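K.L.:
Sharing a structure with you now.
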Amino acid sequence: MGKAVGSKKEIVIVGGSYAGVLAAKTIFKKVDEKNIHVTLISPNAYIYFNVAAPRLVIRPSETERTLFSIKDILNGYSNSSTSFIQGEVISTKLEEKKLIVKTGQKNKWIDIKYQYLIIASGTNLGNDVIQNKFEGKELVSLIHRFNKEIHKAKSIIILGGGPTGVEIAGELGYEFGQCKNISLLTGKELPLTIMGEKKARIADSKLKNLNVKVTNAVKYKEIQKLSNGESQVLLEDGGVIKADLVINTTICNPNTRFLDEGFLDSKGYLKTDACFTLEDYPEVIGLGDVLSIGGRSLIDLYHYQLPIFEKYIEKNYMGKSWVRLSPYESPRQTMIIPISKSGGVGTLFGWGVPNIMVRFLKGRDYLIGQAKRLFY
Ligand SMILES: Cc1cc2nc3c(=O)[nH]c(=O)nc-3n(C[C@H](O)[C@H](O)[C@H](O)COP(=O)(O)OP(=O)(O)OC[C@H]3O[C@@H](n4cnc5c(N)ncnc54)[C@H](O)[C@@H]3O)c2cc1C
């Protein structure tokens, strides 16, 4: 494999979660550290393996094993050719190849110049338990506190019948289905409609078997906190449901406020060509959930986006002008959704996966044992 030639190229990555960190890992796997310098910018000092979040809310003692210091990870790739800036990109001047970054507690603003830019700023899920919003390891105590709230609650409503909502409902049903009222409001005709009707029906009955009350075909309008500590959920059909605890998994907004609207699709995701680069800015590439195209999953990032990025690295960072970039094509669905540790539903490259495989592949430990290997 050839190495980059010429002076050190300055590559800046926005975002310190899966896409940002795996981009850095991929770069150092291919390019000699003496030819590049990589700066990663993220508001969080720790990357959170949030794939395991549905299990952590009932097993909070595992949380430490899902948090990894970004600085340590980068130093492991290269001591001298990486920098970590704890901060948030506030705006971009792509024509000047410049970012404006807010850093530290004094809200200091700095300019960061780049030759190549990777936008891996993902999405905001509006839920502090399933996404790391903290500067340090505060997430550990938050998840312990959240677990206490779960234990205290007699009734819990989960909003959203997508993968996260179903996984959380499965965990809570398995653990507390006999002694608490656990409800899932899917907002669709069934839970997991994304997996097709057959799997959706299986998911629906698995949840019911765990004593989760599944309500389909009605969306929520508003969540209100009551003075007695309870919450009430107002439904679009005029109904009202009350619970001691509401877990909302329905929010998902792209983190792209630092970009001009012209670079974004109608929902705010990053518009790129099929090789993830920005129109008129070949030195800017997007990766991960922020992309308008893309499967918005770790599987998609790892198996389908990073191979395209590897070609991009060869062509751009290593100067192999003859390398042809391969366009992204939507892969067949791969989705493994545990509904408790006893199994769940899944597809692998479009093929159905039996219950036992779901248990084996993810349900047993929610991949916590493999998290470290992913980043280091
Ligand atoms: C509970 C749960 C379970 C999941 N399970 C699976 C699974 O089993 N399999 C699977 O394939 N996928 C799974 N996913 C999906 C997977 O987690 C996402 O695809 C993945 O998080 C996307 O990573 P990302 O780095 O693109 O974005 P994100 O994880 O959203 O990270 C974005 C990063 O950018 C930072 N950032 C945002 N704005 C700025 C800014 N202005 N400046 C600097 N930094 C910024 C954020 O702080 C964050 O560090 C799951 C998701 C959830 C929520």
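FYI, nothing fancy with the structure tokens labels: chains A, B, ... in order, residues from 1 per chain, ligands from 1 as they appear.
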Enumerate residues in contact with ligand 1: an atom-to-atom distance of at most 8 Å, counting only C-alpha atoms and all ligand atoms. Format the result as a ChimeraX atom specification.
P.N.:
/A:14-21,41-44,47,49-54,87-91,101,120-125,130-133,163-164,167,254-258,287-290,295-301,334-337,362,366
K.L.:
Residues of stretch 44-292 of chain A in helix (DSSP H, G or I) according to DSSP, as an MDAnalysis selection string?
P.N.:
chainID A and resid 50:56 60:66 70:77 94:96 138:152 163:176 193:195 197:209 261:263 288:290
K.L.:
Going by DSSP on the backbone, which residues of stretch 138-262 of chain A come out as strand (DSSP E)? List them as a PyMOL selection string.
P.N.:
chain A and resi 155-159+181-185+212-215+220-225+231-235+240-243+245-248+253-254
K.L.:
Could you save those same residues with N, CA and C atoms as a compact mmCIF listing (two decimals), in the first residue's frame?
P.N.:
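Final output, out_17.txt:
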```
# COMPACT_ATOMS: atom_id res chain seq x y z
N SER A 155 -45.37 2.96 36.62
CA SER A 155 -45.82 2.92 35.22
C SER A 155 -44.82 3.67 34.34
N ILE A 156 -44.53 3.09 33.17
CA ILE A 156 -43.54 3.70 32.26
C ILE A 156 -44.11 3.66 30.84
N ILE A 157 -44.04 4.81 30.16
CA ILE A 157 -44.45 4.84 28.75
C ILE A 157 -43.20 5.07 27.90
N ILE A 158 -43.04 4.25 26.87
CA ILE A 158 -41.97 4.49 25.91
C ILE A 158 -42.63 5.03 24.65
N LEU A 159 -42.14 6.16 24.16
CA LEU A 159 -42.69 6.74 22.94
C LEU A 159 -41.79 6.39 21.77
N ASN A 181 -46.46 -1.30 35.03
CA ASN A 181 -47.18 -1.11 33.76
C ASN A 181 -46.22 -0.52 32.74
N ILE A 182 -45.83 -1.33 31.76
CA ILE A 182 -44.92 -0.85 30.72
C ILE A 182 -45.73 -0.71 29.42
N SER A 183 -45.73 0.49 28.85
CA SER A 183 -46.49 0.71 27.61
C SER A 183 -45.55 1.22 26.52
N LEU A 184 -45.84 0.80 25.31
CA LEU A 184 -45.10 1.32 24.15
C LEU A 184 -46.12 1.93 23.20
N LEU A 185 -45.90 3.20 22.88
CA LEU A 185 -46.75 3.88 21.91
C LEU A 185 -45.95 3.96 20.62
N VAL A 212 -45.71 -6.08 27.80
CA VAL A 212 -45.65 -4.67 27.37
C VAL A 212 -46.96 -4.38 26.65
N LYS A 213 -47.64 -3.31 27.08
CA LYS A 213 -48.88 -2.92 26.40
C LYS A 213 -48.50 -2.11 25.16
N VAL A 214 -48.79 -2.65 24.00
CA VAL A 214 -48.40 -1.96 22.75
C VAL A 214 -49.61 -1.23 22.19
N THR A 215 -49.47 0.07 22.02
CA THR A 215 -50.56 0.85 21.41
C THR A 215 -50.07 1.32 20.05
N TYR A 220 -48.33 10.69 19.61
CA TYR A 220 -48.47 11.62 20.73
C TYR A 220 -48.32 13.05 20.21
N LYS A 221 -48.92 13.98 20.95
CA LYS A 221 -48.86 15.38 20.56
C LYS A 221 -47.93 16.15 21.49
N GLU A 222 -48.01 15.83 22.78
CA GLU A 222 -47.28 16.63 23.77
C GLU A 222 -47.05 15.79 25.03
N ILE A 223 -45.94 16.10 25.71
CA ILE A 223 -45.70 15.46 27.02
C ILE A 223 -45.76 16.58 28.06
N GLN A 224 -46.57 16.35 29.11
CA GLN A 224 -46.67 17.39 30.15
C GLN A 224 -46.24 16.80 31.48
N LYS A 225 -45.45 17.56 32.23
CA LYS A 225 -45.03 17.14 33.57
C LYS A 225 -46.09 17.65 34.55
N SER A 231 -46.13 12.19 34.62
CA SER A 231 -46.18 12.87 33.32
C SER A 231 -47.44 12.43 32.62
N GLN A 232 -47.98 13.32 31.78
CA GLN A 232 -49.10 12.87 30.96
C GLN A 232 -48.77 13.12 29.50
N VAL A 233 -49.21 12.15 28.69
CA VAL A 233 -48.94 12.22 27.26
C VAL A 233 -50.26 12.48 26.56
N LEU A 234 -50.31 13.61 25.85
CA LEU A 234 -51.53 13.93 25.09
C LEU A 234 -51.42 13.31 23.71
N LEU A 235 -52.46 12.60 23.31
CA LEU A 235 -52.44 11.90 22.03
C LEU A 235 -53.17 12.70 20.95
N VAL A 240 -55.53 10.67 26.54
CA VAL A 240 -54.47 11.10 27.47
C VAL A 240 -54.00 9.85 28.21
N ILE A 241 -52.67 9.66 28.29
CA ILE A 241 -52.17 8.58 29.15
C ILE A 241 -51.18 9.15 30.15
N LYS A 242 -51.24 8.59 31.36
CA LYS A 242 -50.37 9.09 32.43
C LYS A 242 -49.38 8.02 32.83
N ALA A 243 -48.22 8.44 33.26
CA ALA A 243 -47.24 7.46 33.75
C ALA A 243 -46.27 8.17 34.68
N LEU A 245 -43.09 7.68 34.49
CA LEU A 245 -41.88 7.96 33.71
C LEU A 245 -42.20 7.82 32.22
N VAL A 246 -41.74 8.81 31.44
CA VAL A 246 -41.90 8.75 29.98
C VAL A 246 -40.51 8.72 29.35
N ILE A 247 -40.29 7.76 28.47
CA ILE A 247 -39.00 7.69 27.76
C ILE A 247 -39.29 7.96 26.29
N ASN A 248 -38.78 9.08 25.81
CA ASN A 248 -39.09 9.50 24.43
C ASN A 248 -37.96 9.12 23.48
N ASN A 253 -32.78 14.80 15.03
CA ASN A 253 -32.52 15.96 14.17
C ASN A 253 -31.04 16.04 13.81
N PRO A 254 -30.74 16.28 12.55
CA PRO A 254 -29.32 16.34 12.16
C PRO A 254 -28.60 17.53 12.81
```
K.L.:
Using atom CA of A:Trp351 and atom CA of A:Tyr304 as the two end points, give the distance in Å to one decimal.
P.N.:
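Atom-to-atom, atom CA of A:Trp351 to atom CA of A:Tyr304, that is 17.5 Å.
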K.L.:
For A:Lys311, list every protein, DNA or RNA residue within 9 Å, evaluated using only C-alpha atoms, and leave out those in the same chain fewer than 3 positions away; present the list as number ranges by chain.
P.N.:
A: 306-308, 314-316, 323-326
K.L.:
Work out how far apart atom CA of A:His151 and atom CA of A:Thr63 are and give it in Å to one decimal.
P.N.:
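Interatomic distance here is 17.3 Å.
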K.L.:
So which residues touch A:Ile143 within 8 Å, counting only C-alpha atoms, skipping near sequence neighbours fewer than 3 positions away, as a ChimeraX atom specification?
P.N.:
/A:56-57,60,63,129,139-140,146-147
K.L.:
Ranking A:Leu226, A:Ile85, A:Ile11, A:Ile194 by minimum distance to A:Gln333 and counting only C-alpha atoms, which one comes first?
P.N.:
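Checking each of A:Leu226, A:Ile85, A:Ile11, A:Ile194 against A:Gln333, counting only C-alpha atoms, the winner is A:Ile194.
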K.L.:
List the neighbours of A:Gly170 out to 12 Å using only C-alpha atoms; skip same-chain residues closer than 2 positions along the sequence, and give me the result as a ChimeraX atom specification.
P.N.:
/A:54-55,57-58,158,161,163-168,172-177,182-184,191,203-214,337-345,363
K.L.:
Using only N, CA and C atoms, please write the residues we just selected to a file, as a tab-separated table (two decimals), in the first residue's frame.
P.N.:
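Contents of the output file result.tsv:
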```
chain	number	residue	atom	x	y	z
A	54	PRO	N	-30.07	0.59	25.58
A	54	PRO	CA	-31.28	-0.09	26.11
A	54	PRO	C	-30.97	-1.07	27.24
A	55	ARG	N	-29.79	-1.71	27.20
A	55	ARG	CA	-29.41	-2.63	28.28
A	55	ARG	C	-28.90	-1.85	29.50
A	57	VAL	N	-29.81	0.91	30.75
A	57	VAL	CA	-30.80	1.52	31.66
A	57	VAL	C	-31.27	0.51	32.72
A	58	ILE	N	-31.13	-0.78	32.42
A	58	ILE	CA	-31.44	-1.76	33.48
A	58	ILE	C	-30.18	-2.36	34.11
A	158	ILE	N	-43.04	4.25	26.87
A	158	ILE	CA	-41.97	4.49	25.91
A	158	ILE	C	-42.63	5.03	24.65
A	161	GLY	N	-41.92	3.52	18.19
A	161	GLY	CA	-41.84	2.09	17.90
A	161	GLY	C	-40.73	1.73	16.94
A	163	PRO	N	-36.40	1.03	16.31
A	163	PRO	CA	-35.50	0.10	17.00
A	163	PRO	C	-35.21	0.47	18.46
A	164	THR	N	-34.91	1.75	18.73
A	164	THR	CA	-34.55	2.12	20.11
A	164	THR	C	-35.73	1.93	21.06
A	165	GLY	N	-36.91	2.38	20.65
A	165	GLY	CA	-38.10	2.25	21.50
A	165	GLY	C	-38.42	0.78	21.77
A	166	VAL	N	-38.33	-0.04	20.73
A	166	VAL	CA	-38.65	-1.47	20.88
A	166	VAL	C	-37.62	-2.15	21.78
A	167	GLU	N	-36.34	-1.82	21.58
A	167	GLU	CA	-35.31	-2.46	22.42
A	167	GLU	C	-35.50	-2.08	23.89
A	168	ILE	N	-35.77	-0.81	24.15
A	168	ILE	CA	-35.96	-0.39	25.55
A	168	ILE	C	-37.22	-1.07	26.13
A	172	LEU	N	-37.30	-3.49	29.42
A	172	LEU	CA	-38.14	-3.18	30.60
A	172	LEU	C	-39.21	-4.24	30.81
A	173	GLY	N	-39.77	-4.76	29.71
A	173	GLY	CA	-40.78	-5.80	29.82
A	173	GLY	C	-40.21	-7.05	30.47
A	174	TYR	N	-39.03	-7.44	30.03
A	174	TYR	CA	-38.38	-8.65	30.55
A	174	TYR	C	-38.11	-8.51	32.04
A	175	GLU	N	-37.63	-7.34	32.42
A	175	GLU	CA	-37.20	-7.11	33.81
A	175	GLU	C	-38.38	-6.80	34.73
A	176	PHE	N	-39.33	-6.00	34.21
A	176	PHE	CA	-40.36	-5.47	35.11
A	176	PHE	C	-41.80	-5.72	34.65
A	177	GLY	N	-41.95	-6.48	33.54
A	177	GLY	CA	-43.29	-6.68	32.97
A	177	GLY	C	-44.31	-7.23	33.95
A	182	ILE	N	-45.83	-1.33	31.76
A	182	ILE	CA	-44.92	-0.85	30.72
A	182	ILE	C	-45.73	-0.71	29.42
A	183	SER	N	-45.73	0.49	28.85
A	183	SER	CA	-46.49	0.71	27.61
A	183	SER	C	-45.55	1.22	26.52
A	184	LEU	N	-45.84	0.80	25.31
A	184	LEU	CA	-45.10	1.32	24.15
A	184	LEU	C	-46.12	1.93	23.20
A	191	PRO	N	-45.10	-1.94	15.79
A	191	PRO	CA	-43.70	-1.60	16.08
A	191	PRO	C	-42.81	-2.07	14.92
A	203	ALA	N	-42.54	-8.79	16.31
A	203	ALA	CA	-42.10	-7.87	17.37
A	203	ALA	C	-43.28	-7.53	18.28
A	204	ASP	N	-44.42	-7.25	17.66
A	204	ASP	CA	-45.62	-6.89	18.41
A	204	ASP	C	-45.98	-8.01	19.40
A	205	SER	N	-45.96	-9.26	18.92
A	205	SER	CA	-46.37	-10.34	19.83
A	205	SER	C	-45.28	-10.63	20.87
A	206	LYS	N	-44.00	-10.47	20.50
A	206	LYS	CA	-42.94	-10.69	21.50
A	206	LYS	C	-43.07	-9.67	22.65
A	207	LEU	N	-43.36	-8.45	22.28
A	207	LEU	CA	-43.51	-7.42	23.32
A	207	LEU	C	-44.70	-7.74	24.22
A	208	LYS	N	-45.79	-8.15	23.59
A	208	LYS	CA	-46.99	-8.46	24.38
A	208	LYS	C	-46.72	-9.64	25.32
A	209	ASN	N	-45.92	-10.61	24.83
A	209	ASN	CA	-45.57	-11.75	25.70
A	209	ASN	C	-44.75	-11.32	26.92
A	210	LEU	N	-44.09	-10.17	26.80
A	210	LEU	CA	-43.32	-9.66	27.94
A	210	LEU	C	-44.15	-8.71	28.80
A	211	ASN	N	-45.46	-8.73	28.54
A	211	ASN	CA	-46.39	-7.86	29.28
A	211	ASN	C	-46.22	-6.38	28.98
A	212	VAL	N	-45.71	-6.08	27.80
A	212	VAL	CA	-45.65	-4.67	27.37
A	212	VAL	C	-46.96	-4.38	26.65
A	213	LYS	N	-47.64	-3.31	27.08
A	213	LYS	CA	-48.88	-2.92	26.40
A	213	LYS	C	-48.50	-2.11	25.16
A	214	VAL	N	-48.79	-2.65	24.00
A	214	VAL	CA	-48.40	-1.96	22.75
A	214	VAL	C	-49.61	-1.23	22.19
A	337	ILE	N	-32.45	-6.60	16.23
A	337	ILE	CA	-33.18	-5.89	17.30
A	337	ILE	C	-33.55	-6.88	18.41
A	338	PRO	N	-32.78	-6.91	19.49
A	338	PRO	CA	-33.18	-7.74	20.62
A	338	PRO	C	-34.46	-7.20	21.26
A	339	ILE	N	-35.33	-8.13	21.63
A	339	ILE	CA	-36.50	-7.74	22.42
A	339	ILE	C	-36.35	-8.52	23.72
A	340	SER	N	-35.48	-8.05	24.56
A	340	SER	CA	-35.00	-8.69	25.78
A	340	SER	C	-33.84	-9.62	25.44
A	341	LYS	N	-33.20	-10.13	26.50
A	341	LYS	CA	-32.02	-10.97	26.27
A	341	LYS	C	-32.38	-12.35	25.72
A	342	SER	N	-33.69	-12.65	25.63
A	342	SER	CA	-34.06	-13.97	25.14
A	342	SER	C	-34.16	-14.05	23.61
A	343	GLY	N	-34.03	-12.94	22.92
A	343	GLY	CA	-34.10	-12.99	21.46
A	343	GLY	C	-34.65	-11.70	20.89
A	344	GLY	N	-35.25	-11.80	19.71
A	344	GLY	CA	-35.79	-10.60	19.09
A	344	GLY	C	-36.08	-10.86	17.63
A	345	VAL	N	-35.93	-9.81	16.81
A	345	VAL	CA	-36.10	-9.98	15.36
A	345	VAL	C	-34.88	-9.41	14.66
A	363	GLY	N	-28.33	-9.77	21.63
A	363	GLY	CA	-29.17	-9.78	22.82
A	363	GLY	C	-28.42	-10.11	24.11
```
K.L.:
May I ask which of the residues A:Ile13, A:Ile150, A:Leu259, A:Ile202 is the closest one to A:Lys180, counting only C-alpha atoms?
P.N.:
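Looking only at the distances to A:Lys180, the closest residue turns out to be A:Ile150.
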K.L.:
Given only C-alpha atoms as the basis, pick out the residue of A:Lys25, A:Arg359, A:Lys113, A:Lys98 nearest to A:Asn75.
P.N.:
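Nearest candidate to A:Asn75 out of A:Lys25, A:Arg359, A:Lys113, A:Lys98: A:Lys25.
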K.L.:
Rank nothing, just name the residue among A:Ile293, A:Lys9, A:Ala169, A:Leu40 nearest to A:Ala23, using only C-alpha atoms.
P.N.:
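Between A:Ile293, A:Lys9, A:Ala169, A:Leu40, the residue approaching A:Ala23 most closely is A:Leu40.
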K.L.:
Measuring between only C-alpha atoms, which one of A:Gly229, A:Gly187, A:Gly238, A:Pro331 shows the shortest distance to A:Lys152?
P.N.:
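That would be A:Gly229, the residue with the smallest distance to A:Lys152.
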K.L.:
Select, from A:Tyr48, A:Leu117, A:Thr26, A:Glu62, the residue with the minimum atom-to-atom distance to A:Gly369, counting only C-alpha atoms.
P.N.:
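Using only C-alpha atoms, the shortest distance to A:Gly369 belongs to A:Glu62.
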K.L.:
Expressed in Å to a single decimal, how great is the separation between atom CA of A:Asp32 and atom CA of A:Leu278?
P.N.:
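Computing it gives 25.8 Å between the two atoms.
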